[in-house]
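Encoded as structure tokens, the structure appears first; notes follow it.
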Amino acid sequence: MNFKEPGCMFIDGKWTISDKTRDVINPADGSILAKVYEGDEKTVQTAALVAKKAFAGWSKISVVERANLLNKIADLINENFEEFAAIDTANNGKPLRDSRGDVADSIACFRYYAGLIDKPHGQTYYTADPNNEAIVVREPIGVCGQIVPWNYPLMMSAWKLAPCLAAGNTVVFKPSTLTPLSALKLFEIFEKAGLPKGVANLVMGPGSTVGEEIAKNILIEKVAFTGGTDTGRAIMKAATGNMKGISLELGGKSPCIVFDDSDFEAAVDWSLFAIFCNQGEVCSAGSRLILQDTIYDKFLDSLVARAKKIKVAKGTEEGAEMGPLVSETHMKKVLEYIEIAKKEGARLLCGGNRITDGDFAKGYFVSPTIFADCKPDMTIVKEEIFGPVLAVQKFRTEQEAVDLANDTVYGLAAGVFSNDITRALKVIKAVRAGITWVNSYHPTFAQAPWGGYKQSGIGRELGTFGLDEYTEIKQININLAPGPIGWFK
Ligand code: NAD
């Protein structure tokens, strides 16, 4: 990977520069990894205009042609598999093992939507009038705006772009200012695959200018956003100008409930994975462990022993299990939460510090951190930390577990561990969350819908629901007995 020249934006099929550049940082050592050009409100306006022009052609080409292009994109990502993984590891910090998983998921996502678009869609209704045939068709929306975060740079881009393009929309796309590099590479692949010019446009830049204009712009008819709940709120407000469609994938504070009748070792293993995979920078992280009193101490002993063995290292290092956090600012925010937890009386069992020895000195590494005996009103129980910090709460009865799990403004994900399938199902159905697991945590599939209840979002990504989000619904009524209505004499 060698970014000698600043990375350009991609508008109307042309690599585009501006008078502003931003340094992109490697969080493993604080060094400058690359520079990229950034746009502003005007750049978004230009991109929206070309996307509008491109819509007429793109929305009309055959689904087979569109599917071929999406499959070609998947092939090209596959051909550049290791480069994509290396870029996300260098830019986000995550271990190569995680980045490789993200690349595989992104390929699967493009292939899934390529396969879905020529399958049967729409409906036919028998209506009150036997001479009226009502058919319902789904049509592309038009120009969509998409804004993604930094925690899964390539994968979040694929989840957004694949269904949007598959449905026949054109797009103005903005990656996070912290992690634009894999999106840049993805747009190189769009060009190579032969995506018609203007169909997908990459505009880099801050949320306060580029992001806000995407949410506001009158030519953009839908905005799809993944990121923090407060940013989602701002986007919702900005989108009212032209009554844009919105879909929001927001934050979470997700519970992982463990009953004493679960498979002990498996539950420890999954609970560890639930919070510490991807450095805890996962919207659906199992950041609240809700543990039955009868196994509380024994379980925590095992969990802490395992957490202390997690190999924190530069993502490029062989065997790395957790990398640095994405930025210095984010690391400081996570460390502040740790201090707040100590002050509020949570019991620190392990971690709780920045790692600065030797090679780690310049990077943004935080050790896996577990706080026990957390109470519902503690800040680390209520607020999303988005880092490797677990808050553990104790419960006695099934009802207490459900009440604790639901005591949050969020509703993104949840997991339950129990070998009593009736109990597991009853509890998971009682938890108000959109993505749930029984006896596992985190597995995610392109085929199944992704999204949250309550303040974790609006709408769903992935699966058939994810394609529907990028379509309008039209009813077509056909009069089978043509002739005048004769209403006015
Ligand atoms: P963020 O909200 O700060 O930023 C996300 C994106 O929005 C970035 O591209 C940013 O530049 C842009 N942005 C910022 N302010 C904006 C504004 N006013 N208008 C328009 N765009 C704006 O989030 P982040 O720090 O990048 O990511 C972390 C958050 O993302 C966490 O809360 C996490 O839970 C959430 N997330 C959710 C999901 C999900 O599927 N639900 C997935 C990944 C991350």
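Ordering of the structure tokens sets the chain letters (A, B, ...), residue numbers begin anew at 1 in every chain, and ligands are numbered from 1 in the order given.
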
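Using only C-alpha atoms, the protein and nucleic acid residues lying no more than 7 Å from segment 377-392 of chain A, apart from those fewer than 6 places from it along its own chain, are A:Gly251, A:Gly252, A:Lys253, A:Ile275, A:Phe276, A:Gln279, A:Gly280, A:Glu281, A:Val282, A:Ser287, A:Arg288, A:Leu289, A:Ile290, A:Val334, A:Tyr337, A:Ala341, A:Glu344, A:Pro368, A:Thr369, A:Ile370, A:Phe371, A:Thr408.
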
Given 8 Å and only C-alpha atoms and all ligand atoms, residues near ligand 1 as an MDAnalysis selection string: chainID A and resid 147:152 156 174:178 205:215 225:232 234:235 238 248:252 281:284 384 386 412 450:452 456:457

Could you save those same residues with C-alpha atoms as an mmCIF file, in the first residue's frame?
```cif
data_model
loop_
_atom_site.group_PDB
_atom_site.id
_atom_site.type_symbol
_atom_site.label_atom_id
_atom_site.label_comp_id
_atom_site.auth_asym_id
_atom_site.auth_seq_id
_atom_site.Cartn_x
_atom_site.Cartn_y
_atom_site.Cartn_z
ATOM 1 C CA ILE A 147 -22.634 8.635 5.313
ATOM 2 C CA VAL A 148 -20.590 5.976 7.124
ATOM 3 C CA PRO A 149 -18.439 5.747 10.295
ATOM 4 C CA TRP A 150 -14.879 4.544 10.897
ATOM 5 C CA ASN A 151 -15.254 1.233 12.731
ATOM 6 C CA TYR A 152 -15.811 -1.017 9.682
ATOM 7 C CA MET A 156 -20.040 -0.272 6.114
ATOM 8 C CA LYS A 174 -19.106 10.102 2.300
ATOM 9 C CA PRO A 175 -16.688 8.008 4.380
ATOM 10 C CA SER A 176 -15.474 9.022 7.829
ATOM 11 C CA THR A 177 -12.709 11.641 7.863
ATOM 12 C CA LEU A 178 -10.669 9.208 9.977
ATOM 13 C CA GLY A 205 -14.803 15.835 4.144
ATOM 14 C CA PRO A 206 -16.142 16.688 7.585
ATOM 15 C CA GLY A 207 -19.607 15.829 8.830
ATOM 16 C CA SER A 208 -20.294 19.466 9.686
ATOM 17 C CA THR A 209 -20.019 20.556 6.027
ATOM 18 C CA VAL A 210 -20.064 17.613 3.602
ATOM 19 C CA GLY A 211 -22.230 15.385 5.826
ATOM 20 C CA GLU A 212 -24.709 18.102 6.638
ATOM 21 C CA GLU A 213 -25.074 19.122 2.982
ATOM 22 C CA ILE A 214 -25.762 15.486 2.057
ATOM 23 C CA ALA A 215 -28.539 15.459 4.664
ATOM 24 C CA PHE A 225 -26.489 7.056 7.776
ATOM 25 C CA THR A 226 -24.502 4.884 10.144
ATOM 26 C CA GLY A 227 -22.934 6.522 13.160
ATOM 27 C CA GLY A 228 -23.693 7.990 16.575
ATOM 28 C CA THR A 229 -27.230 8.634 17.811
ATOM 29 C CA ASP A 230 -26.677 12.390 18.280
ATOM 30 C CA THR A 231 -25.379 12.713 14.715
ATOM 31 C CA GLY A 232 -28.421 10.725 13.564
ATOM 32 C CA ALA A 234 -28.909 16.127 13.504
ATOM 33 C CA ILE A 235 -29.277 14.348 10.160
ATOM 34 C CA ALA A 238 -31.435 18.492 8.330
ATOM 35 C CA LEU A 248 -30.346 5.425 10.459
ATOM 36 C CA GLU A 249 -28.094 2.769 11.971
ATOM 37 C CA LEU A 250 -27.073 4.241 15.297
ATOM 38 C CA GLY A 251 -25.436 3.429 18.597
ATOM 39 C CA GLY A 252 -26.107 0.775 21.178
ATOM 40 C CA GLU A 281 -15.598 -0.437 18.531
ATOM 41 C CA VAL A 282 -18.750 -2.218 17.434
ATOM 42 C CA CYS A 283 -22.209 -0.669 17.471
ATOM 43 C CA SER A 284 -23.703 -3.995 18.540
ATOM 44 C CA GLU A 384 -22.153 3.965 24.677
ATOM 45 C CA PHE A 386 -17.459 2.294 21.859
ATOM 46 C CA LEU A 412 -29.696 -2.420 18.775
ATOM 47 C CA TRP A 450 -29.708 -5.440 10.513
ATOM 48 C CA GLY A 451 -30.993 -2.517 12.577
ATOM 49 C CA GLY A 452 -32.233 -1.345 15.922
ATOM 50 C CA SER A 456 -30.620 2.705 17.849
ATOM 51 C CA GLY A 457 -32.103 3.625 14.537
#
```

Selected residue, from A:Phe259, A:Pro482, A:Gln45, A:Lys244, that lies nearest to Asn131 of chain A when counting only C-alpha atoms: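 When distances to Asn131 of chain A are compared using only C-alpha atoms, the smallest one comes from A:Pro482.
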
Close residues, segment 50-52 of chain A itself excluded, 12 Å, only C-alpha atoms, min 3 positions apart in chain, as a PyMOL selection string: chain A and resi 10-14+43-47+55-59+141-145+165+168-173+196-202+217-221

Every residue of segment 44-253 of chain A that DSSP places in strand (DSSP E or B), as an MDAnalysis selection string: chainID A and resid 123:126 132:140 143:147 170:174 200:202 222:226 245:249

Close residues, segment 296-309 of chain A itself excluded, 12 Å, only C-alpha atoms, min 2 positions apart in chain, as JSON, numbers by chain: {"A": [257, 258, 259, 260, 262, 263, 264, 265, 266, 267, 268, 269, 270, 271, 272, 273, 274, 275, 276, 277, 279, 289, 290, 291, 292, 293, 294, 311, 312, 313, 320, 321, 322, 347, 348, 349, 350, 351, 352, 367, 368, 369, 370, 371, 372, 373, 388, 389, 390, 391, 392, 393, 394, 395, 396]}

Spatial neighbours of Lys192 of chain A, max dist 10 Å, only C-alpha atoms, sep filter under 4 positions, as a VMD selection string: chain A and resid 72 to 73 76 186 to 188

Distance of atom CA of Phe365 of chain A from atom CA of Ala104 of chain A, expressed in Å to one decimal place: 26.0 Å

Which of A:Gly101, A:Leu181, A:Arg66, A:Glu339 sits closest to Pro6 of chain A [using only C-alpha atoms]: A:Leu181

Contacts of segment 423-434 of chain A at 7 Å (only C-alpha atoms; same-chain gap of 2+ positions) as JSON, numbers by chain: {"A": [402, 405, 406, 411, 412, 413, 414, 416, 417, 418, 420, 421, 436, 438, 451, 452, 453]}

With segment 115-129 of chain A as the partner and 9 Å as the cut-off, tabulate the residues of segment 16-76 of chain A that qualify, each row holding the nearest pair of atoms and their distance in Å to one decimal, using only C-alpha atoms, sorted by chain and rising number, as a Markdown table.
```
| residue | atom | partner | partner_atom | distance |
| --- | --- | --- | --- | --- |
| A:Val63 | CA | A:Asp118 | CA | 5.9 |
| A:Val64 | CA | A:Asp118 | CA | 6.9 |
| A:Arg66 | CA | A:Ile117 | CA | 8.5 |
| A:Ala67 | CA | A:Gly115 | CA | 6.8 |
| A:Asn71 | CA | A:Gly115 | CA | 8.6 |
```

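Between atom CA of Glu139 of chain A and atom CA of Asp468 of chain A the interatomic distance comes to 9.4 Å.
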
Selected residue of minimal separation from Pro140 of chain A among A:Lys60, A:Pro180, A:Lys343, A:Asp105, counting only C-alpha atoms: A:Lys60

Selection: 9 Å around Asp88 of chain A, only C-alpha atoms, excl. self and same-chain fewer than 5 positions, as a list in words: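 Neighbouring residues, sequence-local ones excluded: Glu83, Gly93, Lys94, Leu96, Ser99, Asp102, Tyr152, Pro153, Leu154, Thr179, Leu181 and Ser182 of chain A.
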
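Shortest separation to Phe445 of chain A among A:Asp261, A:Tyr112, A:Ile476, A:Ala183 occurs at residue A:Tyr112, atoms counted being only C-alpha atoms.
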
Selected residue, from A:Asp403, A:Glu318, A:Glu191, A:Glu79, that lies nearest to Trp15 of chain A when counting only C-alpha atoms: A:Glu191
